Amino acid sequence: MRTFFTSVWGKLVIGAVIVGVAAMLPLLAIDIPGILPGPTYTPGTLTVLAYAMLIAALALSYHLIFGVAGLLSFGHAMFFAAGAYGLGIILRLLAPSGMPPEAVFLVAIVLTLVIALVLGNLVGALALRVTGISFAMVTLAVAQAMNVMIRRNVGGLTGGEEGVRLPVDVVPDVLVGVVNTRNLYWLALAILVIVYLACVWIERSRLGHVVAAARENELRVTVLGLRPYFVRLFLFAGAAVLAAVAGIGFMLLQSSATPRISTSDFTLTLLVIVVLGGVGYRWGAIVGGIVYTLLDQRLAALASAEWIQALPDVLRIPLSEPLFILGMLFVLVVMFAPGGIVGLAHRVTQRRGSRQDVAEPKALQDMEA
Amino acid sequence: MSTVLLLLITGIGLGALYFLVASGLSLIYGLMGVLNFAHGSFLTLAGFLGWEVGRRIGDGSWAGLLTGMLVGLVVGAVVAALTELIFIRPLYNRHIEQVLVTVGLGLASVALFEGIWGTDPIQIRLPEWLGGTTDVLGANIPNDRWLLIATAVVVLGLIVLFLQRTSYGLVIRAGVENRTMVTALGIDVRRAFTIVFAIGGAAAGLGGVLASVYYGQVGAHQGTSLLIYAFIVTVIGGLGSLTGAAIASVLVAVIQQFANFYLGGTGDLAIVLALAAVLLVRPTGLMGKVKH
């Protein structure tokens, strides 16, 4: 009992230290050449870090669907897009209403979350009627239709390929402008922490246990008199709202949303992130999200480096495509390190502690495609 | 009337393209339970290489196009077989990982194609006849549709012949019905896996070259965008059913054409609604019986 107690406090302390250090970064001048674009107090670096944390939060919400419920969804990006686009569009529509800007801002956020909840329930209610690969296909098809509608500028709301810009005059001043990048950074950190806590809460709740049990053995759960459909639907909608929260943060950080964030490719990146970090581990989604975003940024910078440009075509072309390197890295991780980064770390620490070998992430074992 | 006819035949032509991609996907899924996300890359690569070889033989000539189609066929088959041997086989019976590997390959290869051939699609030259139209009952049908339809019919015929008349075809059909039983009878289904991948890849490769004919250009994203429609076709037709794939591809493409024309460009939405309707009424698809 005591070890359990200390471990909980231990985890809390570790978590608080990590969040504290992350929160201090804008006040410090830490320069890690090759990983960060510049010292940590500069707006450029803070933007990259904030973006990485928002992607990590989004990956965490995807972890709920893929890692916990064991459902392969190819449409998760649409909820992120719903958050980003929803905020931009509602702010623009409410701006001339005469309400004070602060009220407009709050109402817009609440409305966006409500839209995400409704959308999550609708899509989930449809897609969860089927399982396995058909579920994946339904989510893919719905997301694709959504993406096409956003691109085509249906109803004149989404702005087609141009996307939607954030109407900055109704956004609180502290969140606008390069000077206030550190505020946006703290906002992104707060979003990540909130999404993380929500994930812990959902996973530890009775609902989370039922969903995880249904992933392992759906028949058994049904025999026990529980209905996996509704718990999965709740989880799916919850993950949709959390993704929309990350989307709202993205809109505030980037000041614009383009159709890119609603493509199925964007969801595939999430899949890559979760698997890279380690399926089934909450920390995997966070580590994967941050590592992936930083790698993506650095590889893009690397592509324009002189020594790469001087290489013969056979080497230069693959090395100057970040997505090629990341894709191949992903393939290698799937083939040779099924637990991802966190899984590898676990294996190393467990071996050192000479405890029994770690089980591979359960989500990967029995999930029949 | 002529508009309806034009939309119908154009729809069938597009359906022929969908079928070339979906037939392989469906067979692969039916036999191995793998949803192949790299299928679009086979298509794109074959499209590019077919075009590169074809334009050196004779740009805009029939000899060039036919050579291109042959090259596409071979490239698709070889690349697909290699993918199966190198990436899919080591992950035997771990379906989710197999899907993930193909996802990774799909992402990486598209990036590579962008690096080699650029992000923008390249306009291509075609034999003159393909650019013209034929008058059918007052409708001016673009000639390239006939090429698409004829090729798809030939491919369908060849695959059916292969499945019905050869011993490998027998193993594949039996494997789709019940793989465990086939293995229990002492037959090595793994060779059948490679063959199915090669056949699917060949069909997709041919589809890649024909897609460039249909769109008049080759681009790094052509395969990926066609792949999504092929997925929808496969699910509507029933995973693992060749006949289902053939019927569904025509159905999907025709619905798409009509909705695009009469309902103000809502073709993609109409397909998704059709998919939802089919899944709600028959979760296994129109012709699907296989349950994995």
# chains A, B, ... in the order shown; residues from 1 in each chain; ligands from 1
>>> interface_residues(of="chain A", to="chain B", cutoff="7 Å", atoms="only C-alpha atoms", output="list in words")
Val130, Ser134, Met137, Ala141, Val142, Ala145, Ile317, Pro318, Glu321, Leu323, Phe324, Ile325, Gly327, Met328, Phe330, Val331, Val334, Leu364, Met367, Glu368 and Ala369 of chain A
>>> residues_around(residues="Ala22 in chain A", least_positions_apart="2", cutoff="10 Å", atoms="only C-alpha atoms", output="number ranges by chain")
A: 16-20, 24-26, 49, 185-186, 189
>>> residues_around(residues="Ile247 in chain B", least_positions_apart="3", cutoff="9 Å", atoms="only C-alpha atoms", output="list in words")
Gly15, Phe19, Val233, Gly237, Leu242, Thr243, Gly244, Val250, Leu251, Val252 and Leu286 of chain B
>>> write_last_selection(atoms="N, CA and C atoms", output="PDB file, in the first residue's frame")
ATOM      1  N   GLY B  15     -15.423   4.588 -63.301  1.00  0.00           N
ATOM      2  CA  GLY B  15     -15.607   3.349 -62.538  1.00  0.00           C
ATOM      3  C   GLY B  15     -14.577   2.310 -62.932  1.00  0.00           C
ATOM      4  N   PHE B  19     -12.108   0.474 -60.502  1.00  0.00           N
ATOM      5  CA  PHE B  19     -12.056  -0.978 -60.415  1.00  0.00           C
ATOM      6  C   PHE B  19     -10.619  -1.478 -60.456  1.00  0.00           C
ATOM      7  N   VAL B 233     -15.148   2.091 -52.581  1.00  0.00           N
ATOM      8  CA  VAL B 233     -15.667   1.067 -53.490  1.00  0.00           C
ATOM      9  C   VAL B 233     -15.541  -0.315 -52.856  1.00  0.00           C
ATOM     10  N   GLY B 237     -18.622  -2.642 -52.021  1.00  0.00           N
ATOM     11  CA  GLY B 237     -18.753  -3.892 -52.758  1.00  0.00           C
ATOM     12  C   GLY B 237     -18.643  -5.114 -51.866  1.00  0.00           C
ATOM     13  N   LEU B 242     -14.531  -9.817 -55.694  1.00  0.00           N
ATOM     14  CA  LEU B 242     -14.136  -9.189 -56.953  1.00  0.00           C
ATOM     15  C   LEU B 242     -15.363  -8.655 -57.699  1.00  0.00           C
ATOM     16  N   THR B 243     -16.421  -9.476 -57.737  1.00  0.00           N
ATOM     17  CA  THR B 243     -17.657  -9.037 -58.392  1.00  0.00           C
ATOM     18  C   THR B 243     -18.198  -7.800 -57.700  1.00  0.00           C
ATOM     19  N   GLY B 244     -18.184  -7.835 -56.365  1.00  0.00           N
ATOM     20  CA  GLY B 244     -18.656  -6.689 -55.603  1.00  0.00           C
ATOM     21  C   GLY B 244     -17.880  -5.439 -55.956  1.00  0.00           C
ATOM     22  N   VAL B 250     -18.490   0.848 -60.543  1.00  0.00           N
ATOM     23  CA  VAL B 250     -19.337   1.526 -61.523  1.00  0.00           C
ATOM     24  C   VAL B 250     -20.418   2.347 -60.815  1.00  0.00           C
ATOM     25  N   LEU B 251     -21.022   1.731 -59.802  1.00  0.00           N
ATOM     26  CA  LEU B 251     -22.090   2.402 -59.055  1.00  0.00           C
ATOM     27  C   LEU B 251     -21.590   3.714 -58.444  1.00  0.00           C
ATOM     28  N   VAL B 252     -20.458   3.621 -57.752  1.00  0.00           N
ATOM     29  CA  VAL B 252     -19.908   4.794 -57.062  1.00  0.00           C
ATOM     30  C   VAL B 252     -19.576   5.903 -58.059  1.00  0.00           C
ATOM     31  N   LEU B 286     -22.112  -4.986 -50.290  1.00  0.00           N
ATOM     32  CA  LEU B 286     -23.103  -5.581 -51.187  1.00  0.00           C
ATOM     33  C   LEU B 286     -22.903  -7.079 -51.373  1.00  0.00           C
TER      34      LEU B 286
END
>>> atom_distance(atom1="CA of Pro142 in chain B", atom2="CA of Leu6 in chain B")
8.8 Å
>>> residues_around(residues="Leu302 in chain A", least_positions_apart="2", cutoff="12 Å", atoms="only C-alpha atoms", output="PyMOL selection string")
chain A and resi 34-35+37+294-300+304-309+316+318-322+325
>>> atom_distance(atom1="CA of Ala257 in chain A", atom2="CA of Tyr85 in chain A")
6.3 Å
>>> residues_around(residues="Gly70 in chain A", least_positions_apart="2", cutoff="9 Å", atoms="only C-alpha atoms", output="ChimeraX atom specification")
/A:63-68,72,211-212,214-216,280,363-364,367
>>> write_last_selection(atoms="N, CA and C atoms", output="JSON list (two decimals), in the first residue's frame")
[["chain", "number", "residue", "atom", "x", "y", "z"],
["A", 63, "HIS", "N", -4.90, 9.04, -28.91],
["A", 63, "HIS", "CA", -4.52, 7.88, -28.09],
["A", 63, "HIS", "C", -5.75, 7.27, -27.41],
["A", 64, "LEU", "N", -6.70, 8.12, -27.01],
["A", 64, "LEU", "CA", -7.93, 7.60, -26.38],
["A", 64, "LEU", "C", -8.65, 6.66, -27.33],
["A", 65, "ILE", "N", -8.72, 7.03, -28.61],
["A", 65, "ILE", "CA", -9.46, 6.21, -29.57],
["A", 65, "ILE", "C", -8.64, 5.00, -30.00],
["A", 66, "PHE", "N", -7.38, 5.24, -30.35],
["A", 66, "PHE", "CA", -6.57, 4.17, -30.92],
["A", 66, "PHE", "C", -5.95, 3.30, -29.83],
["A", 67, "GLY", "N", -5.37, 3.92, -28.82],
["A", 67, "GLY", "CA", -4.66, 3.17, -27.80],
["A", 67, "GLY", "C", -5.59, 2.54, -26.77],
["A", 68, "VAL", "N", -6.58, 3.30, -26.32],
["A", 68, "VAL", "CA", -7.45, 2.80, -25.24],
["A", 68, "VAL", "C", -8.59, 1.96, -25.81],
["A", 72, "LEU", "N", -9.29, 1.96, -34.94],
["A", 72, "LEU", "CA", -8.45, 2.64, -35.91],
["A", 72, "LEU", "C", -9.29, 3.67, -36.65],
["A", 211, "VAL", "N", -14.24, 0.36, -21.74],
["A", 211, "VAL", "CA", -13.75, 0.51, -23.11],
["A", 211, "VAL", "C", -12.52, -0.36, -23.33],
["A", 212, "ALA", "N", -11.58, -0.30, -22.36],
["A", 212, "ALA", "CA", -10.36, -1.10, -22.50],
["A", 212, "ALA", "C", -10.70, -2.59, -22.51],
["A", 214, "ALA", "N", -13.50, -3.92, -23.52],
["A", 214, "ALA", "CA", -14.15, -4.24, -24.80],
["A", 214, "ALA", "C", -13.11, -4.36, -25.90],
["A", 215, "ARG", "N", -11.99, -3.63, -25.77],
["A", 215, "ARG", "CA", -10.92, -3.76, -26.75],
["A", 215, "ARG", "C", -10.31, -5.17, -26.67],
["A", 216, "GLU", "N", -10.15, -5.65, -25.44],
["A", 216, "GLU", "CA", -9.52, -6.95, -25.26],
["A", 216, "GLU", "C", -10.46, -8.09, -25.64],
["A", 280, "GLY", "N", -0.59, 2.82, -26.65],
["A", 280, "GLY", "CA", -1.07, 2.39, -25.35],
["A", 280, "GLY", "C", -0.46, 3.16, -24.19],
["A", 363, "ALA", "N", -2.82, -3.05, -26.94],
["A", 363, "ALA", "CA", -3.67, -2.63, -28.06],
["A", 363, "ALA", "C", -3.21, -3.27, -29.36],
["A", 364, "LEU", "N", -1.89, -3.55, -29.45],
["A", 364, "LEU", "CA", -1.40, -4.06, -30.72],
["A", 364, "LEU", "C", -1.59, -5.56, -30.86],
["A", 367, "MET", "N", -5.70, -6.77, -31.65],
["A", 367, "MET", "CA", -6.59, -5.98, -32.48],
["A", 367, "MET", "C", -6.63, -6.55, -33.88]]
>>> residues_around(residues="Leu224 in chain A", least_positions_apart="4", cutoff="12 Å", atoms="only C-alpha atoms", output="list in words")
Val210, Ala213, Ala214, Asn217, Glu218, Leu219, Arg220 and Pro228 of chain A
>>> write_last_selection(atoms="C-alpha atoms", output="short mmCIF file (atom, residue, chain, number, x, y, z; two decimals), in the first residue's frame")
data_model
loop_
_atom_site.label_atom_id
_atom_site.label_comp_id
_atom_site.auth_asym_id
_atom_site.auth_seq_id
_atom_site.Cartn_x
_atom_site.Cartn_y
_atom_site.Cartn_z
CA VAL A 210 -15.14 -0.90 -19.86
CA ALA A 213 -12.07 -4.39 -21.62
CA ALA A 214 -14.15 -4.24 -24.80
CA ASN A 217 -12.65 -9.08 -25.47
CA GLU A 218 -15.84 -7.55 -26.74
CA LEU A 219 -17.90 -10.73 -26.40
CA ARG A 220 -17.05 -11.07 -22.73
CA PRO A 228 -19.68 -1.41 -25.58
#
>>> residues_around(residues="Arg182 in chain A", least_positions_apart="4", cutoff="10 Å", atoms="only C-alpha atoms", output="list of chain:residue names")
A:Ala23, A:Leu25, A:Pro26, A:Leu27, A:Tyr41, A:Thr42, A:Pro43, A:Leu46, A:Thr47, A:Ala50, A:Val174, A:Leu175, A:Val178, A:Trp186, A:Leu187, A:Ala188
>>> write_last_selection(atoms="C-alpha atoms", output="PDB file, in the first residue's frame")
ATOM      1  CA  ALA A  23       6.493  26.873 -17.924  1.00  0.00           C
ATOM      2  CA  LEU A  25      11.283  28.039 -20.607  1.00  0.00           C
ATOM      3  CA  PRO A  26      10.119  31.444 -21.975  1.00  0.00           C
ATOM      4  CA  LEU A  27      12.021  33.162 -19.163  1.00  0.00           C
ATOM      5  CA  TYR A  41      12.916  32.953 -25.093  1.00  0.00           C
ATOM      6  CA  THR A  42      12.716  33.906 -28.780  1.00  0.00           C
ATOM      7  CA  PRO A  43       9.215  33.991 -30.325  1.00  0.00           C
ATOM      8  CA  LEU A  46       8.332  29.413 -28.526  1.00  0.00           C
ATOM      9  CA  THR A  47       5.985  29.068 -31.496  1.00  0.00           C
ATOM     10  CA  ALA A  50       3.800  25.596 -28.542  1.00  0.00           C
ATOM     11  CA  VAL A 174      -2.782  39.244 -24.377  1.00  0.00           C
ATOM     12  CA  LEU A 175      -3.132  36.486 -26.993  1.00  0.00           C
ATOM     13  CA  VAL A 178       4.554  38.365 -31.641  1.00  0.00           C
ATOM     14  CA  TRP A 186       1.655  29.057 -21.777  1.00  0.00           C
ATOM     15  CA  LEU A 187      -1.807  28.579 -23.239  1.00  0.00           C
ATOM     16  CA  ALA A 188      -0.546  25.624 -25.296  1.00  0.00           C
TER      17      ALA A 188
END
>>> closest_residue(among="B:Gly40, B:Gly186, B:Gly288, B:Gly13", to="Ser241 in chain B", atoms="only C-alpha atoms")
B:Gly288
>>> atom_distance(atom1="CA of Ile191 in chain A", atom2="CA of Gly249 in chain A")
7.4 Å
>>> select_by_dssp(residues="range 74-222 of chain A", states="helix (DSSP H, G or I)", output="PyMOL selection string")
chain A and resi 77-97+101-127+132-152+154-156+160-162+168-170+173-175+178-204+206-216+218-222
>>> closest_residue(among="A:Ile261, A:Val168, A:Val287, A:Leu192", to="Ala82 in chain A", atoms="only C-alpha atoms")
A:Ile261
>>> closest_residue(among="A:Val274, A:Ala127, A:Ala243, A:Ile30", to="Leu54 in chain A", atoms="only C-alpha atoms")
A:Ala243
>>> decode(residues="range 132-252 of chain B", atoms="C-alpha atoms", output="PDB file, in the first residue's frame")
ATOM      1  CA  GLY B 132     -11.294  13.553 -79.595  1.00  0.00           C
ATOM      2  CA  THR B 133     -14.887  12.515 -79.041  1.00  0.00           C
ATOM      3  CA  THR B 134     -17.258   9.935 -80.488  1.00  0.00           C
ATOM      4  CA  ASP B 135     -20.883  10.671 -81.158  1.00  0.00           C
ATOM      5  CA  VAL B 136     -23.192   8.182 -79.413  1.00  0.00           C
ATOM      6  CA  LEU B 137     -26.908   8.960 -79.805  1.00  0.00           C
ATOM      7  CA  GLY B 138     -26.178  12.665 -79.771  1.00  0.00           C
ATOM      8  CA  ALA B 139     -23.735  12.588 -76.852  1.00  0.00           C
ATOM      9  CA  ASN B 140     -20.104  13.503 -77.459  1.00  0.00           C
ATOM     10  CA  ILE B 141     -18.195  10.905 -75.464  1.00  0.00           C
ATOM     11  CA  PRO B 142     -14.469  11.585 -74.949  1.00  0.00           C
ATOM     12  CA  ASN B 143     -12.573   8.722 -76.559  1.00  0.00           C
ATOM     13  CA  ASP B 144     -10.309   7.981 -73.593  1.00  0.00           C
ATOM     14  CA  ARG B 145     -13.348   6.576 -71.752  1.00  0.00           C
ATOM     15  CA  TRP B 146     -13.476   3.677 -74.219  1.00  0.00           C
ATOM     16  CA  LEU B 147      -9.845   2.817 -73.555  1.00  0.00           C
ATOM     17  CA  LEU B 148     -10.502   2.808 -69.786  1.00  0.00           C
ATOM     18  CA  ILE B 149     -13.606   0.656 -70.054  1.00  0.00           C
ATOM     19  CA  ALA B 150     -12.003  -1.824 -72.476  1.00  0.00           C
ATOM     20  CA  THR B 151      -8.905  -2.224 -70.291  1.00  0.00           C
ATOM     21  CA  ALA B 152     -10.935  -2.739 -67.133  1.00  0.00           C
ATOM     22  CA  VAL B 153     -13.101  -5.364 -68.842  1.00  0.00           C
ATOM     23  CA  VAL B 154     -10.004  -7.209 -70.080  1.00  0.00           C
ATOM     24  CA  VAL B 155      -8.416  -7.054 -66.618  1.00  0.00           C
ATOM     25  CA  LEU B 156     -11.602  -8.300 -64.982  1.00  0.00           C
ATOM     26  CA  GLY B 157     -11.786 -11.154 -67.515  1.00  0.00           C
ATOM     27  CA  LEU B 158      -8.137 -12.114 -66.979  1.00  0.00           C
ATOM     28  CA  ILE B 159      -8.416 -12.088 -63.196  1.00  0.00           C
ATOM     29  CA  VAL B 160     -11.589 -14.171 -63.312  1.00  0.00           C
ATOM     30  CA  LEU B 161      -9.926 -16.639 -65.708  1.00  0.00           C
ATOM     31  CA  PHE B 162      -6.895 -16.842 -63.431  1.00  0.00           C
ATOM     32  CA  LEU B 163      -9.012 -17.408 -60.350  1.00  0.00           C
ATOM     33  CA  GLN B 164     -11.292 -19.980 -62.001  1.00  0.00           C
ATOM     34  CA  ARG B 165      -8.945 -21.915 -64.255  1.00  0.00           C
ATOM     35  CA  THR B 166      -5.565 -22.172 -62.543  1.00  0.00           C
ATOM     36  CA  SER B 167      -4.475 -24.087 -59.466  1.00  0.00           C
ATOM     37  CA  TYR B 168      -3.150 -20.910 -57.843  1.00  0.00           C
ATOM     38  CA  GLY B 169      -6.491 -19.319 -58.494  1.00  0.00           C
ATOM     39  CA  LEU B 170      -8.112 -22.227 -56.717  1.00  0.00           C
ATOM     40  CA  VAL B 171      -5.839 -21.779 -53.696  1.00  0.00           C
ATOM     41  CA  ILE B 172      -6.611 -18.055 -53.623  1.00  0.00           C
ATOM     42  CA  ARG B 173     -10.359 -18.572 -53.835  1.00  0.00           C
ATOM     43  CA  ALA B 174     -10.228 -21.213 -51.137  1.00  0.00           C
ATOM     44  CA  GLY B 175      -8.012 -18.941 -49.042  1.00  0.00           C
ATOM     45  CA  VAL B 176     -10.512 -16.100 -49.247  1.00  0.00           C
ATOM     46  CA  GLU B 177     -13.240 -18.475 -48.059  1.00  0.00           C
ATOM     47  CA  ASN B 178     -11.277 -20.067 -45.241  1.00  0.00           C
ATOM     48  CA  ARG B 179      -7.576 -19.536 -44.889  1.00  0.00           C
ATOM     49  CA  THR B 180      -7.136 -21.759 -41.848  1.00  0.00           C
ATOM     50  CA  MET B 181      -8.603 -24.723 -43.709  1.00  0.00           C
ATOM     51  CA  VAL B 182      -6.311 -24.217 -46.685  1.00  0.00           C
ATOM     52  CA  THR B 183      -3.281 -24.051 -44.412  1.00  0.00           C
ATOM     53  CA  ALA B 184      -4.475 -27.133 -42.562  1.00  0.00           C
ATOM     54  CA  LEU B 185      -4.577 -29.020 -45.860  1.00  0.00           C
ATOM     55  CA  GLY B 186      -0.845 -28.472 -46.170  1.00  0.00           C
ATOM     56  CA  ILE B 187      -0.913 -25.790 -48.832  1.00  0.00           C
ATOM     57  CA  ASP B 188       1.572 -22.953 -48.478  1.00  0.00           C
ATOM     58  CA  VAL B 189      -0.657 -19.901 -48.767  1.00  0.00           C
ATOM     59  CA  ARG B 190       2.264 -17.515 -48.462  1.00  0.00           C
ATOM     60  CA  ARG B 191       3.121 -17.920 -52.112  1.00  0.00           C
ATOM     61  CA  ALA B 192      -0.504 -17.121 -52.888  1.00  0.00           C
ATOM     62  CA  PHE B 193      -0.095 -13.914 -50.835  1.00  0.00           C
ATOM     63  CA  THR B 194       2.791 -12.772 -53.021  1.00  0.00           C
ATOM     64  CA  ILE B 195       0.879 -13.649 -56.176  1.00  0.00           C
ATOM     65  CA  VAL B 196      -2.205 -11.761 -55.045  1.00  0.00           C
ATOM     66  CA  PHE B 197      -0.073  -8.755 -54.218  1.00  0.00           C
ATOM     67  CA  ALA B 198       1.586  -8.941 -57.636  1.00  0.00           C
ATOM     68  CA  ILE B 199      -1.776  -9.206 -59.440  1.00  0.00           C
ATOM     69  CA  GLY B 200      -3.227  -6.330 -57.442  1.00  0.00           C
ATOM     70  CA  GLY B 201      -0.101  -4.295 -58.079  1.00  0.00           C
ATOM     71  CA  ALA B 202      -0.250  -5.029 -61.810  1.00  0.00           C
ATOM     72  CA  ALA B 203      -3.868  -3.903 -62.003  1.00  0.00           C
ATOM     73  CA  ALA B 204      -3.029  -0.781 -59.998  1.00  0.00           C
ATOM     74  CA  GLY B 205      -0.011  -0.101 -62.217  1.00  0.00           C
ATOM     75  CA  LEU B 206      -2.167  -0.287 -65.308  1.00  0.00           C
ATOM     76  CA  GLY B 207      -4.643   1.956 -63.494  1.00  0.00           C
ATOM     77  CA  GLY B 208      -1.818   4.425 -62.814  1.00  0.00           C
ATOM     78  CA  VAL B 209      -1.011   4.847 -66.489  1.00  0.00           C
ATOM     79  CA  LEU B 210      -4.705   5.058 -67.386  1.00  0.00           C
ATOM     80  CA  ALA B 211      -5.310   7.604 -64.616  1.00  0.00           C
ATOM     81  CA  SER B 212      -2.746   9.821 -66.302  1.00  0.00           C
ATOM     82  CA  VAL B 213      -4.709   9.360 -69.546  1.00  0.00           C
ATOM     83  CA  TYR B 214      -7.995  10.227 -67.813  1.00  0.00           C
ATOM     84  CA  TYR B 215      -6.687  13.314 -66.039  1.00  0.00           C
ATOM     85  CA  GLY B 216      -4.200  14.294 -68.774  1.00  0.00           C
ATOM     86  CA  GLN B 217      -1.421  14.618 -66.207  1.00  0.00           C
ATOM     87  CA  VAL B 218       0.794  12.669 -63.822  1.00  0.00           C
ATOM     88  CA  GLY B 219       1.214  13.827 -60.242  1.00  0.00           C
ATOM     89  CA  ALA B 220       2.597  12.601 -56.941  1.00  0.00           C
ATOM     90  CA  HIS B 221      -0.827  12.683 -55.282  1.00  0.00           C
ATOM     91  CA  GLN B 222      -2.822  10.962 -58.020  1.00  0.00           C
ATOM     92  CA  GLY B 223      -2.617   7.536 -56.398  1.00  0.00           C
ATOM     93  CA  THR B 224      -3.512   8.736 -52.922  1.00  0.00           C
ATOM     94  CA  SER B 225      -6.649  10.529 -54.024  1.00  0.00           C
ATOM     95  CA  LEU B 226      -7.810   7.570 -56.138  1.00  0.00           C
ATOM     96  CA  LEU B 227      -7.038   5.229 -53.246  1.00  0.00           C
ATOM     97  CA  ILE B 228      -9.670   6.835 -51.027  1.00  0.00           C
ATOM     98  CA  TYR B 229     -12.364   6.224 -53.651  1.00  0.00           C
ATOM     99  CA  ALA B 230     -11.074   2.703 -54.113  1.00  0.00           C
ATOM    100  CA  PHE B 231     -11.423   2.127 -50.357  1.00  0.00           C
ATOM    101  CA  ILE B 232     -15.006   3.301 -50.472  1.00  0.00           C
ATOM    102  CA  VAL B 233     -15.667   1.067 -53.490  1.00  0.00           C
ATOM    103  CA  THR B 234     -14.123  -1.908 -51.725  1.00  0.00           C
ATOM    104  CA  VAL B 235     -16.199  -1.436 -48.585  1.00  0.00           C
ATOM    105  CA  ILE B 236     -19.435  -0.885 -50.523  1.00  0.00           C
ATOM    106  CA  GLY B 237     -18.753  -3.892 -52.758  1.00  0.00           C
ATOM    107  CA  GLY B 238     -17.815  -6.111 -49.842  1.00  0.00           C
ATOM    108  CA  LEU B 239     -14.209  -6.681 -48.787  1.00  0.00           C
ATOM    109  CA  GLY B 240     -12.785  -9.671 -50.626  1.00  0.00           C
ATOM    110  CA  SER B 241     -15.346  -9.840 -53.409  1.00  0.00           C
ATOM    111  CA  LEU B 242     -14.136  -9.189 -56.953  1.00  0.00           C
ATOM    112  CA  THR B 243     -17.657  -9.037 -58.392  1.00  0.00           C
ATOM    113  CA  GLY B 244     -18.656  -6.689 -55.603  1.00  0.00           C
ATOM    114  CA  ALA B 245     -15.711  -4.437 -56.419  1.00  0.00           C
ATOM    115  CA  ALA B 246     -16.694  -4.378 -60.109  1.00  0.00           C
ATOM    116  CA  ILE B 247     -20.340  -3.508 -59.412  1.00  0.00           C
ATOM    117  CA  ALA B 248     -19.546  -0.999 -56.680  1.00  0.00           C
ATOM    118  CA  SER B 249     -16.890   0.838 -58.694  1.00  0.00           C
ATOM    119  CA  VAL B 250     -19.337   1.526 -61.523  1.00  0.00           C
ATOM    120  CA  LEU B 251     -22.090   2.402 -59.055  1.00  0.00           C
ATOM    121  CA  VAL B 252     -19.908   4.794 -57.062  1.00  0.00           C
TER     122      VAL B 252
END
